[in-house]
file data-v8.txt (compact mmCIF, C-alpha atoms)
# COMPACT_ATOMS: atom_id res chain seq x y z
CA MET A 1 0.00 0.00 0.00
CA GLU A 2 1.29 3.51 -0.78
CA ASN A 3 2.51 5.53 2.18
CA SER A 4 0.93 8.74 0.86
CA LEU A 5 -2.81 9.22 0.82
CA ASP A 6 -2.58 11.66 -2.10
CA HIS A 7 -3.65 8.99 -4.58
CA LEU A 8 -7.00 8.78 -2.85
CA LEU A 9 -7.75 12.40 -3.74
CA THR A 10 -7.09 12.16 -7.47
CA GLY A 11 -9.86 10.30 -9.22
CA ALA A 12 -9.63 9.23 -12.83
CA ALA A 13 -11.31 11.34 -15.49
CA ALA A 14 -13.98 8.68 -15.88
CA PRO A 15 -15.28 6.51 -13.02
CA GLN A 16 -13.84 3.03 -13.13
CA PRO A 17 -15.72 0.04 -11.70
CA GLN A 18 -13.96 -1.60 -8.77
CA ASN A 19 -14.61 -4.96 -7.16
CA PHE A 20 -14.38 -4.09 -3.49
CA THR A 21 -15.90 -6.05 -0.66
CA PRO A 22 -18.19 -3.95 1.56
CA GLU A 23 -15.43 -3.86 4.18
CA GLU A 24 -12.78 -2.76 1.66
CA PHE A 25 -15.11 -0.13 0.23
CA ALA A 26 -15.83 1.29 3.70
CA ALA A 27 -12.12 1.32 4.57
CA ARG A 28 -11.28 3.14 1.34
CA LYS A 29 -13.97 5.75 1.95
CA LYS A 30 -12.65 6.25 5.48
CA LEU A 31 -9.13 6.84 4.16
CA GLN A 32 -10.46 9.31 1.60
CA ARG A 33 -12.27 11.29 4.29
CA GLU A 34 -9.20 11.30 6.53
CA ALA A 35 -7.02 12.57 3.68
CA VAL A 36 -9.51 15.32 2.86
CA TYR A 37 -9.84 16.41 6.48
CA ALA A 38 -6.05 16.51 6.77
CA MET A 39 -5.98 18.77 3.71
CA VAL A 40 -8.61 21.04 5.27
CA GLU A 41 -6.57 21.25 8.48
CA ALA A 42 -3.35 22.13 6.69
CA THR A 43 -5.01 24.68 4.42
CA THR A 44 -6.76 26.32 7.38
CA MET A 45 -3.41 26.78 9.12
CA ALA A 46 -1.87 28.25 5.97
CA VAL A 47 -4.79 30.63 5.41
CA CYS A 48 -4.89 31.88 8.99
CA THR A 49 -1.17 32.57 9.34
CA ASP A 50 -0.53 34.34 6.03
CA GLY A 51 -2.39 37.46 4.92
CA GLN A 52 -1.94 36.77 1.20
CA ARG A 53 -3.11 33.19 1.58
CA PHE A 54 -6.10 34.46 3.54
CA ARG A 55 -6.92 36.82 0.69
CA ASP A 56 -6.61 33.88 -1.75
CA TYR A 57 -9.17 31.98 0.33
CA LEU A 58 -11.56 34.95 0.28
CA ASN A 59 -11.24 35.12 -3.51
CA VAL A 60 -12.31 31.48 -3.78
CA GLN A 61 -15.18 31.96 -1.33
CA ALA A 62 -16.37 35.01 -3.28
CA ARG A 63 -16.58 32.95 -6.49
CA PHE A 64 -18.22 30.00 -4.72
CA ASP A 65 -20.50 31.89 -2.37
CA ARG A 66 -22.89 28.94 -2.02
CA TYR A 67 -20.11 26.56 -0.98
CA SER A 68 -19.21 25.87 2.63
CA VAL A 69 -15.99 27.17 4.17
CA THR A 70 -14.61 23.64 4.20
CA ASN A 71 -15.19 23.18 0.48
CA ALA A 72 -13.80 26.63 -0.32
CA LEU A 73 -10.63 25.64 1.57
CA LEU A 74 -10.46 22.38 -0.40
CA ILE A 75 -10.84 24.22 -3.70
CA LEU A 76 -8.11 26.65 -2.66
CA ALA A 77 -5.77 23.75 -1.87
CA GLN A 78 -6.35 21.91 -5.12
CA CYS A 79 -7.48 24.37 -7.83
CA PRO A 80 -7.49 27.97 -6.57
CA GLU A 81 -8.40 29.41 -10.00
CA ALA A 82 -11.50 27.21 -10.37
CA THR A 83 -14.64 28.96 -11.53
CA GLN A 84 -17.23 26.25 -12.23
CA LEU A 85 -17.31 22.73 -10.76
CA ARG A 86 -19.29 19.63 -11.71
CA ASP A 87 -18.73 15.92 -11.28
CA PHE A 88 -17.94 13.70 -14.28
CA ASP A 89 -21.58 12.93 -15.00
CA GLY A 90 -22.56 16.56 -14.53
CA TRP A 91 -20.18 17.67 -17.27
CA ARG A 92 -21.34 14.85 -19.51
CA GLU A 93 -24.95 15.99 -19.09
CA LYS A 94 -23.79 19.42 -20.28
CA GLY A 95 -22.30 17.84 -23.38
CA ALA A 96 -18.71 18.26 -22.18
CA MET A 97 -15.97 15.76 -21.45
CA VAL A 98 -13.28 15.84 -18.79
CA GLY A 99 -9.81 15.81 -20.29
CA LYS A 100 -7.78 12.63 -20.16
CA GLY A 101 -5.54 12.44 -17.12
CA GLN A 102 -7.18 15.36 -15.30
CA LYS A 103 -7.02 15.07 -11.52
CA ALA A 104 -10.29 15.34 -9.68
CA ILE A 105 -10.86 18.01 -7.06
CA SER A 106 -12.09 16.49 -3.83
CA ILE A 107 -14.87 18.24 -1.93
CA LEU A 108 -17.30 17.05 0.72
CA GLU A 109 -21.03 16.53 0.37
CA PRO A 110 -23.48 15.62 3.12
CA GLY A 111 -24.63 12.01 3.32
CA LYS A 112 -26.76 10.13 5.81
CA GLN A 113 -27.53 11.42 9.27
CA TYR A 114 -26.68 9.50 12.42
CA THR A 115 -27.53 9.73 16.10
CA THR A 116 -24.93 9.38 18.84
CA LEU A 117 -25.46 7.46 22.07
CA GLU A 118 -26.05 10.83 23.74
CA GLY A 119 -28.86 11.59 21.32
CA HIS A 120 -27.04 14.17 19.20
CA VAL A 121 -27.81 14.12 15.47
CA GLY A 122 -24.86 14.38 13.11
CA THR A 123 -24.22 14.05 9.39
CA TYR A 124 -21.77 11.82 7.56
CA TYR A 125 -19.83 13.57 4.82
CA ASN A 126 -18.69 11.79 1.70
CA VAL A 127 -15.81 12.73 -0.59
CA LYS A 128 -17.06 13.85 -3.99
CA SER A 129 -14.82 14.15 -7.06
CA VAL A 130 -15.47 17.21 -9.22
CA PHE A 131 -13.70 18.95 -12.09
CA ASP A 132 -13.32 22.59 -13.02
CA ILE A 133 -14.48 23.81 -16.41
CA SER A 134 -10.81 24.42 -17.28
CA GLN A 135 -10.31 20.63 -17.12
CA THR A 136 -12.98 20.00 -19.75
CA ASN A 137 -13.68 20.79 -23.37
CA ALA A 138 -16.69 22.92 -22.43
CA ALA A 139 -16.86 26.38 -23.96
CA ARG A 140 -15.86 29.03 -21.44
CA PRO A 141 -18.81 31.30 -20.68
CA GLU A 142 -18.37 34.99 -21.31
CA SER A 143 -17.91 37.07 -18.19
CA ALA A 144 -21.21 38.44 -17.00
CA PRO A 145 -21.33 42.23 -17.28
CA ARG A 146 -21.05 44.03 -13.98
CA PRO A 147 -24.41 45.44 -12.87
CA GLU A 148 -24.91 49.13 -13.53
CA ALA A 149 -23.72 51.23 -10.59
CA ARG A 150 -27.07 52.71 -9.60
CA GLY A 151 -28.78 49.35 -9.83
CA LEU A 152 -26.10 47.56 -7.80
CA VAL A 153 -26.28 50.12 -4.99
CA SER A 154 -30.08 49.94 -5.03
CA ALA A 155 -29.86 46.14 -4.80
CA LEU A 156 -27.26 46.29 -2.00
CA ILE A 157 -29.49 48.39 0.22
CA ALA A 158 -32.75 46.70 -0.75
CA LYS A 159 -34.45 45.04 2.23
CA ARG A 160 -31.74 46.46 4.49
CA PRO A 161 -32.33 45.63 8.16
CA VAL A 162 -31.71 49.20 9.37
CA PRO A 163 -32.27 52.70 7.98
CA ILE A 164 -29.50 54.77 6.37
CA GLU A 165 -28.90 58.38 7.39
CA LEU A 166 -26.94 60.62 5.01
CA VAL A 167 -24.66 63.36 6.37
CA ASP A 168 -22.50 66.00 4.70
CA ARG A 169 -19.23 65.22 6.49
CA LEU A 170 -17.87 61.87 7.66
CA SER A 171 -14.25 60.73 7.56
CA THR A 172 -15.00 56.99 7.42
CA GLY A 173 -17.46 57.07 4.53
CA ALA A 174 -20.05 55.05 6.43
CA TYR A 175 -20.42 53.32 9.79
CA TYR A 176 -22.96 51.34 11.75
CA ASP A 177 -24.37 53.11 14.81
CA ALA A 178 -25.25 50.14 17.02
CA ALA A 179 -26.88 52.23 19.74
CA ASN A 180 -29.44 53.65 17.31
CA ARG A 181 -29.39 50.69 14.89
CA THR A 182 -28.72 53.03 12.00
CA ILE A 183 -26.13 53.26 9.23
CA VAL A 184 -24.63 56.72 8.82
CA ALA A 185 -23.15 57.45 5.39
CA ARG A 186 -21.46 60.44 3.81
CA LYS A 187 -23.12 62.12 0.87
CA GLY A 188 -21.44 62.31 -2.49
CA MET A 189 -19.17 59.22 -2.38
CA GLU A 190 -18.06 57.76 -5.69
CA PHE A 191 -19.52 54.37 -6.56
CA ASN A 192 -16.72 51.97 -5.54
CA THR A 193 -16.08 53.76 -2.24
CA LEU A 194 -19.79 53.87 -1.49
CA PHE A 195 -20.21 50.13 -2.14
CA CYS A 196 -17.23 49.20 0.04
CA CYS A 197 -18.21 51.46 2.94
CA VAL A 198 -21.91 50.69 2.94
CA SER A 199 -21.41 46.93 2.55
CA ASN A 200 -19.08 47.06 5.57
CA ALA A 201 -21.68 48.90 7.62
CA LEU A 202 -24.41 46.50 6.48
CA ALA A 203 -22.21 43.58 7.55
CA LYS A 204 -21.90 45.14 11.01
CA ALA A 205 -25.67 45.52 11.16
CA GLU A 206 -26.08 41.87 10.16
CA ILE A 207 -23.64 40.76 12.88
CA HIS A 208 -25.73 42.74 15.36
CA ARG A 209 -28.95 41.20 14.05
CA LEU A 210 -27.47 37.73 14.53
CA GLY A 211 -26.81 38.48 18.19
CA GLY A 212 -23.15 39.47 18.04
CA ASP A 213 -21.54 42.56 19.49
CA PRO A 214 -20.78 44.78 16.48
CA ASN A 215 -18.36 46.95 18.44
CA THR A 216 -15.62 44.36 19.01
CA GLU A 217 -12.38 44.14 17.03
CA LEU A 218 -13.34 40.68 15.79
CA ALA A 219 -16.71 41.96 14.55
CA ALA A 220 -14.89 44.76 12.72
CA PHE A 221 -12.64 42.16 11.05
CA ASP A 222 -15.59 39.94 10.14
CA ALA A 223 -17.46 42.88 8.60
CA TYR A 224 -14.34 43.95 6.71
CA CYS A 225 -14.00 40.44 5.26
CA ALA A 226 -17.69 40.26 4.34
CA SER A 227 -17.37 43.62 2.61
CA TYR A 228 -14.33 42.36 0.67
CA LEU A 229 -16.27 39.27 -0.39
CA MET A 230 -19.17 41.40 -1.61
CA THR A 231 -16.89 43.79 -3.48
CA ARG A 232 -15.02 40.90 -5.09
CA LYS A 233 -18.19 38.98 -5.98
CA TYR A 234 -19.64 41.89 -7.92
CA GLY A 235 -16.42 42.66 -9.78
CA LEU A 236 -15.47 45.93 -8.13
CA ASP A 237 -12.01 47.24 -7.24
CA VAL A 238 -10.68 45.57 -4.06
CA SER A 239 -7.32 47.35 -3.96
CA ARG A 240 -8.35 49.30 -0.86
CA TYR A 241 -8.50 46.10 1.21
CA SER A 242 -5.44 44.73 3.00
CA PHE A 243 -4.86 41.79 5.35
CA PRO A 244 -1.37 42.30 6.82
CA VAL A 245 -2.31 41.17 10.36
CA LEU A 246 -4.87 38.50 11.14
CA PRO A 247 -6.72 38.21 14.48
CA GLU A 248 -5.34 35.84 17.11
CA ALA A 249 -8.76 34.17 17.15
CA LEU A 250 -7.83 32.53 13.83
CA GLY A 251 -4.81 30.77 15.32
CA ASP A 252 -6.60 27.53 16.18
CA PRO A 253 -7.89 25.63 13.11
CA ARG A 254 -11.23 24.67 14.63
CA ALA A 255 -11.88 28.17 15.98
CA ALA A 256 -10.66 29.63 12.69
CA ARG A 257 -13.16 27.63 10.62
CA ALA A 258 -15.94 28.67 12.98
CA GLU A 259 -14.97 32.32 12.48
CA LEU A 260 -14.72 31.87 8.72
CA SER A 261 -18.20 30.32 8.80
CA ARG A 262 -19.55 33.40 10.61
CA ILE A 263 -17.97 35.64 7.97
CA ARG A 264 -19.45 33.51 5.21
CA GLU A 265 -22.90 33.59 6.84
CA VAL A 266 -22.89 37.39 6.88
CA PHE A 267 -21.56 37.55 3.31
CA HIS A 268 -24.12 35.01 2.09
CA THR A 269 -26.99 36.96 3.65
CA LEU A 270 -25.85 40.20 1.99
CA ALA A 271 -25.24 38.47 -1.35
CA VAL A 272 -28.64 36.74 -1.44
CA ARG A 273 -30.36 40.01 -0.59
CA THR A 274 -28.39 41.84 -3.28
CA ASP A 275 -29.00 39.17 -5.91
CA ARG A 276 -32.72 39.32 -5.21
CA GLY A 277 -32.60 43.08 -5.49
CA LEU A 278 -30.85 42.83 -8.86
CA ALA A 279 -33.40 40.28 -10.05
CA GLY A 280 -36.17 42.66 -9.02
CA LEU A 281 -34.56 45.50 -10.94
CA ASP A 282 -34.30 43.31 -14.04
CA LYS A 283 -38.03 42.62 -13.87
CA ALA A 284 -38.99 46.21 -13.20
CA VAL A 285 -40.60 48.29 -15.93
CA PRO A 286 -38.34 51.01 -17.40
CA SER A 287 -39.96 53.79 -15.43
CA GLN A 288 -38.99 52.02 -12.20
CA ALA A 289 -35.34 51.39 -13.11
CA GLY A 290 -32.96 52.59 -10.45
CA THR A 291 -35.61 53.01 -7.75
CA GLU A 292 -35.21 51.40 -4.39
CA VAL A 293 -36.42 47.81 -4.19
CA ARG A 294 -38.74 47.19 -1.25

call {"tool": "encode", "arguments": {"input": "data-v8.txt", "output": "structure tokens"}}
result
Amino acid sequence: MENSLDHLLTGAAAPQPQNFTPEEFAARKKLQREAVYAMVEATTMAVCTDGQRFRDYLNVQARFDRYSVTNALLILAQCPEATQLRDFDGWREKGAMVGKGQKAISILEPGKQYTTLEGHVGTYYNVKSVFDISQTNAARPESAPRPEARGLVSALIAKRPVPIELVDRLSTGAYYDAANRTIVARKGMEFNTLFCCVSNALAKAEIHRLGGDPNTELAAFDAYCASYLMTRKYGLDVSRYSFPVLPEALGDPRAARAELSRIREVFHTLAVRTDRGLAGLDKAVPSQAGTEVR
């Protein structure tokens, strides 16, 4: 048997039938899961001790906003430039073929639930082999045009959980006033600055809504990351963001993934709300274009 478990993470381009006994099959699946979890652990440590690697992780999570933190970490470790993933059959259904010799990307998908002796319900996770579009002969889709500035801002603030107050002078651009549950924003900001500042304040408001203290340093970091994810997702300039020093709370892998999950939850909430706002604008009649979505 090979000493390395790497071979368990690299499936063939096409599934090959294997004659395993049930015991051998279960043992192989167990080794696959262990190898994947080891990869997650190592990637978490790399991400949370290196600002550039952390930024790389955020870039992956921004592209795969519906994927869990664990799977975003696995994509980062194996194919950080991935843009569209499907399994072998999924690509075949799309009329595309995976290239010969391409290594599969291992992610995790939920399987059956189980109940512990203490009565706790858990979920088994299975290793799933997927391939990026770059590993296939599928035609690369054209980049979607960035939403028009007015529409994107309208979508960002649609269904916002707190009101926004505009003021003439404000050095920070925008901030969340937790005491009054209000976002305060400066008038006259250019589009990119406005999106970054307001998305940050909205992230703080979301943290507050979820029961967190929005005035802590960790909440400020989480909101900053969620704002970066939003700005990156919608194709705006992210050069104003920097991650030279990461919080000590990210030092432990388990605690780090929990924190990354909180960041992703806030980002996902903002992104879903914004996407719905954009969809509403697309359906609006011309006379309503650019108006606030309620």

call {"tool": "atom_distance", "arguments": {"input": "data-v8.txt", "atom1": "atom CA of Pro161 of chain A", "atom2": "atom CA of Asn215 of chain A"}}
result
17.4 Å

call {"tool": "residues_around", "arguments": {"input": "data-v8.txt", "residues": "Glu248 of chain A", "least_positions_apart": "4", "cutoff": "10 Å", "atoms": "all atoms listed in the file", "output": "ChimeraX atom specification"}}
result
/A:48-49,218,252,256

call {"tool": "closest_residue", "arguments": {"input": "data-v8.txt", "among": "A:Met189, A:Ala258, A:Ala62, A:Val36", "to": "Glu109 of chain A", "atoms": "all atoms listed in the file"}}
result
A:Val36

call {"tool": "residues_around", "arguments": {"input": "data-v8.txt", "residues": "Phe131 of chain A", "least_positions_apart": "5", "cutoff": "8 Å", "atoms": "all atoms listed in the file", "output": "list in words"}}
result
Leu85, Arg86, Asp87, Phe88, Val98, Lys103, Ala104, Ile105 and Thr136 of chain A

call {"tool": "write_last_selection", "arguments": {"input": "data-v8.txt", "atoms": "C-alpha atoms", "output": "mmCIF file, keeping the file's coordinate frame"}}
result
data_model
loop_
_atom_site.group_PDB
_atom_site.id
_atom_site.type_symbol
_atom_site.label_atom_id
_atom_site.label_comp_id
_atom_site.auth_asym_id
_atom_site.auth_seq_id
_atom_site.Cartn_x
_atom_site.Cartn_y
_atom_site.Cartn_z
ATOM 1 C CA LEU A 85 -17.310 22.730 -10.760
ATOM 2 C CA ARG A 86 -19.290 19.630 -11.710
ATOM 3 C CA ASP A 87 -18.730 15.920 -11.280
ATOM 4 C CA PHE A 88 -17.940 13.700 -14.280
ATOM 5 C CA VAL A 98 -13.280 15.840 -18.790
ATOM 6 C CA LYS A 103 -7.020 15.070 -11.520
ATOM 7 C CA ALA A 104 -10.290 15.340 -9.680
ATOM 8 C CA ILE A 105 -10.860 18.010 -7.060
ATOM 9 C CA THR A 136 -12.980 20.000 -19.750
#

call {"tool": "closest_residue", "arguments": {"input": "data-v8.txt", "among": "A:Lys30, A:Lys233, A:Lys204, A:Arg257", "to": "Asp65 of chain A", "atoms": "all atoms listed in the file"}}
result
A:Lys233

call {"tool": "atom_distance", "arguments": {"input": "data-v8.txt", "atom1": "atom CA of Ala226 of chain A", "atom2": "atom CA of Ser129 of chain A"}}
result
28.6 Å

call {"tool": "build_atoms", "arguments": {"input": "data-v8.txt", "residues": "segment 246-272 of chain A", "atoms": "N, CA, C and O atoms", "output": "PDB file, keeping the file's coordinate frame"}}
result
ATOM      1  N   LEU A 246      -3.627  39.237  10.913  1.00  0.00           N
ATOM      2  CA  LEU A 246      -4.870  38.500  11.140  1.00  0.00           C
ATOM      3  C   LEU A 246      -5.133  38.354  12.626  1.00  0.00           C
ATOM      4  O   LEU A 246      -4.188  38.277  13.430  1.00  0.00           O
ATOM      5  N   PRO A 247      -6.395  38.304  13.048  1.00  0.00           N
ATOM      6  CA  PRO A 247      -6.720  38.210  14.480  1.00  0.00           C
ATOM      7  C   PRO A 247      -6.165  36.930  15.110  1.00  0.00           C
ATOM      8  O   PRO A 247      -6.080  35.881  14.463  1.00  0.00           O
ATOM      9  N   GLU A 248      -5.828  37.019  16.384  1.00  0.00           N
ATOM     10  CA  GLU A 248      -5.340  35.840  17.110  1.00  0.00           C
ATOM     11  C   GLU A 248      -6.403  34.756  17.179  1.00  0.00           C
ATOM     12  O   GLU A 248      -6.074  33.577  17.308  1.00  0.00           O
ATOM     13  N   ALA A 249      -7.667  35.143  17.080  1.00  0.00           N
ATOM     14  CA  ALA A 249      -8.760  34.170  17.150  1.00  0.00           C
ATOM     15  C   ALA A 249      -8.696  33.151  16.024  1.00  0.00           C
ATOM     16  O   ALA A 249      -9.310  32.090  16.101  1.00  0.00           O
ATOM     17  N   LEU A 250      -7.937  33.456  14.954  1.00  0.00           N
ATOM     18  CA  LEU A 250      -7.830  32.530  13.830  1.00  0.00           C
ATOM     19  C   LEU A 250      -6.676  31.549  13.997  1.00  0.00           C
ATOM     20  O   LEU A 250      -6.400  30.747  13.101  1.00  0.00           O
ATOM     21  N   GLY A 251      -6.001  31.608  15.134  1.00  0.00           N
ATOM     22  CA  GLY A 251      -4.810  30.770  15.320  1.00  0.00           C
ATOM     23  C   GLY A 251      -5.096  29.291  15.446  1.00  0.00           C
ATOM     24  O   GLY A 251      -4.302  28.456  15.023  1.00  0.00           O
ATOM     25  N   ASP A 252      -6.223  28.930  16.024  1.00  0.00           N
ATOM     26  CA  ASP A 252      -6.600  27.530  16.180  1.00  0.00           C
ATOM     27  C   ASP A 252      -7.470  27.114  15.009  1.00  0.00           C
ATOM     28  O   ASP A 252      -8.458  27.785  14.705  1.00  0.00           O
ATOM     29  N   PRO A 253      -7.134  26.003  14.317  1.00  0.00           N
ATOM     30  CA  PRO A 253      -7.890  25.630  13.110  1.00  0.00           C
ATOM     31  C   PRO A 253      -9.390  25.494  13.324  1.00  0.00           C
ATOM     32  O   PRO A 253     -10.183  25.961  12.502  1.00  0.00           O
ATOM     33  N   ARG A 254      -9.792  24.855  14.402  1.00  0.00           N
ATOM     34  CA  ARG A 254     -11.230  24.670  14.630  1.00  0.00           C
ATOM     35  C   ARG A 254     -11.914  26.013  14.869  1.00  0.00           C
ATOM     36  O   ARG A 254     -12.969  26.293  14.278  1.00  0.00           O
ATOM     37  N   ALA A 255     -11.308  26.846  15.714  1.00  0.00           N
ATOM     38  CA  ALA A 255     -11.880  28.170  15.980  1.00  0.00           C
ATOM     39  C   ALA A 255     -11.842  29.023  14.717  1.00  0.00           C
ATOM     40  O   ALA A 255     -12.762  29.806  14.457  1.00  0.00           O
ATOM     41  N   ALA A 256     -10.788  28.861  13.928  1.00  0.00           N
ATOM     42  CA  ALA A 256     -10.660  29.630  12.690  1.00  0.00           C
ATOM     43  C   ALA A 256     -11.792  29.299  11.726  1.00  0.00           C
ATOM     44  O   ALA A 256     -12.403  30.195  11.134  1.00  0.00           O
ATOM     45  N   ARG A 257     -12.091  28.005  11.543  1.00  0.00           N
ATOM     46  CA  ARG A 257     -13.160  27.630  10.620  1.00  0.00           C
ATOM     47  C   ARG A 257     -14.517  28.126  11.121  1.00  0.00           C
ATOM     48  O   ARG A 257     -15.391  28.492  10.323  1.00  0.00           O
ATOM     49  N   ALA A 258     -14.690  28.140  12.434  1.00  0.00           N
ATOM     50  CA  ALA A 258     -15.940  28.670  12.980  1.00  0.00           C
ATOM     51  C   ALA A 258     -16.068  30.161  12.667  1.00  0.00           C
ATOM     52  O   ALA A 258     -17.150  30.639  12.304  1.00  0.00           O
ATOM     53  N   GLU A 259     -14.942  30.890  12.782  1.00  0.00           N
ATOM     54  CA  GLU A 259     -14.970  32.320  12.480  1.00  0.00           C
ATOM     55  C   GLU A 259     -15.187  32.557  10.992  1.00  0.00           C
ATOM     56  O   GLU A 259     -15.942  33.443  10.586  1.00  0.00           O
ATOM     57  N   LEU A 260     -14.525  31.754  10.166  1.00  0.00           N
ATOM     58  CA  LEU A 260     -14.720  31.870   8.720  1.00  0.00           C
ATOM     59  C   LEU A 260     -16.173  31.565   8.343  1.00  0.00           C
ATOM     60  O   LEU A 260     -16.722  32.178   7.419  1.00  0.00           O
ATOM     61  N   SER A 261     -16.794  30.647   9.061  1.00  0.00           N
ATOM     62  CA  SER A 261     -18.200  30.320   8.800  1.00  0.00           C
ATOM     63  C   SER A 261     -19.104  31.499   9.163  1.00  0.00           C
ATOM     64  O   SER A 261     -20.099  31.771   8.475  1.00  0.00           O
ATOM     65  N   ARG A 262     -18.765  32.220  10.250  1.00  0.00           N
ATOM     66  CA  ARG A 262     -19.550  33.400  10.610  1.00  0.00           C
ATOM     67  C   ARG A 262     -19.416  34.487   9.544  1.00  0.00           C
ATOM     68  O   ARG A 262     -20.396  35.153   9.183  1.00  0.00           O
ATOM     69  N   ILE A 263     -18.194  34.663   9.040  1.00  0.00           N
ATOM     70  CA  ILE A 263     -17.970  35.640   7.970  1.00  0.00           C
ATOM     71  C   ILE A 263     -18.781  35.260   6.745  1.00  0.00           C
ATOM     72  O   ILE A 263     -19.450  36.095   6.130  1.00  0.00           O
ATOM     73  N   ARG A 264     -18.727  33.966   6.386  1.00  0.00           N
ATOM     74  CA  ARG A 264     -19.450  33.510   5.210  1.00  0.00           C
ATOM     75  C   ARG A 264     -20.961  33.682   5.383  1.00  0.00           C
ATOM     76  O   ARG A 264     -21.678  34.032   4.434  1.00  0.00           O
ATOM     77  N   GLU A 265     -21.464  33.445   6.590  1.00  0.00           N
ATOM     78  CA  GLU A 265     -22.900  33.590   6.840  1.00  0.00           C
ATOM     79  C   GLU A 265     -23.344  35.028   6.588  1.00  0.00           C
ATOM     80  O   GLU A 265     -24.382  35.270   5.953  1.00  0.00           O
ATOM     81  N   VAL A 266     -22.556  35.985   7.076  1.00  0.00           N
ATOM     82  CA  VAL A 266     -22.890  37.390   6.880  1.00  0.00           C
ATOM     83  C   VAL A 266     -22.814  37.737   5.384  1.00  0.00           C
ATOM     84  O   VAL A 266     -23.710  38.370   4.822  1.00  0.00           O
ATOM     85  N   PHE A 267     -21.730  37.313   4.743  1.00  0.00           N
ATOM     86  CA  PHE A 267     -21.560  37.550   3.310  1.00  0.00           C
ATOM     87  C   PHE A 267     -22.712  36.937   2.514  1.00  0.00           C
ATOM     88  O   PHE A 267     -23.284  37.585   1.627  1.00  0.00           O
ATOM     89  N   HIS A 268     -23.062  35.703   2.834  1.00  0.00           N
ATOM     90  CA  HIS A 268     -24.120  35.010   2.090  1.00  0.00           C
ATOM     91  C   HIS A 268     -25.450  35.736   2.234  1.00  0.00           C
ATOM     92  O   HIS A 268     -26.197  35.890   1.259  1.00  0.00           O
ATOM     93  N   THR A 269     -25.741  36.218   3.428  1.00  0.00           N
ATOM     94  CA  THR A 269     -26.990  36.960   3.650  1.00  0.00           C
ATOM     95  C   THR A 269     -27.021  38.222   2.798  1.00  0.00           C
ATOM     96  O   THR A 269     -28.029  38.522   2.141  1.00  0.00           O
ATOM     97  N   LEU A 270     -25.916  38.974   2.793  1.00  0.00           N
ATOM     98  CA  LEU A 270     -25.850  40.200   1.990  1.00  0.00           C
ATOM     99  C   LEU A 270     -25.942  39.884   0.499  1.00  0.00           C
ATOM    100  O   LEU A 270     -26.609  40.596  -0.257  1.00  0.00           O
ATOM    101  N   ALA A 271     -25.264  38.816   0.070  1.00  0.00           N
ATOM    102  CA  ALA A 271     -25.240  38.470  -1.350  1.00  0.00           C
ATOM    103  C   ALA A 271     -26.615  38.015  -1.836  1.00  0.00           C
ATOM    104  O   ALA A 271     -27.059  38.412  -2.926  1.00  0.00           O
ATOM    105  N   VAL A 272     -27.298  37.198  -1.053  1.00  0.00           N
ATOM    106  CA  VAL A 272     -28.640  36.740  -1.440  1.00  0.00           C
ATOM    107  C   VAL A 272     -29.584  37.928  -1.539  1.00  0.00           C
ATOM    108  O   VAL A 272     -30.364  38.046  -2.501  1.00  0.00           O
TER     109      VAL A 272
END
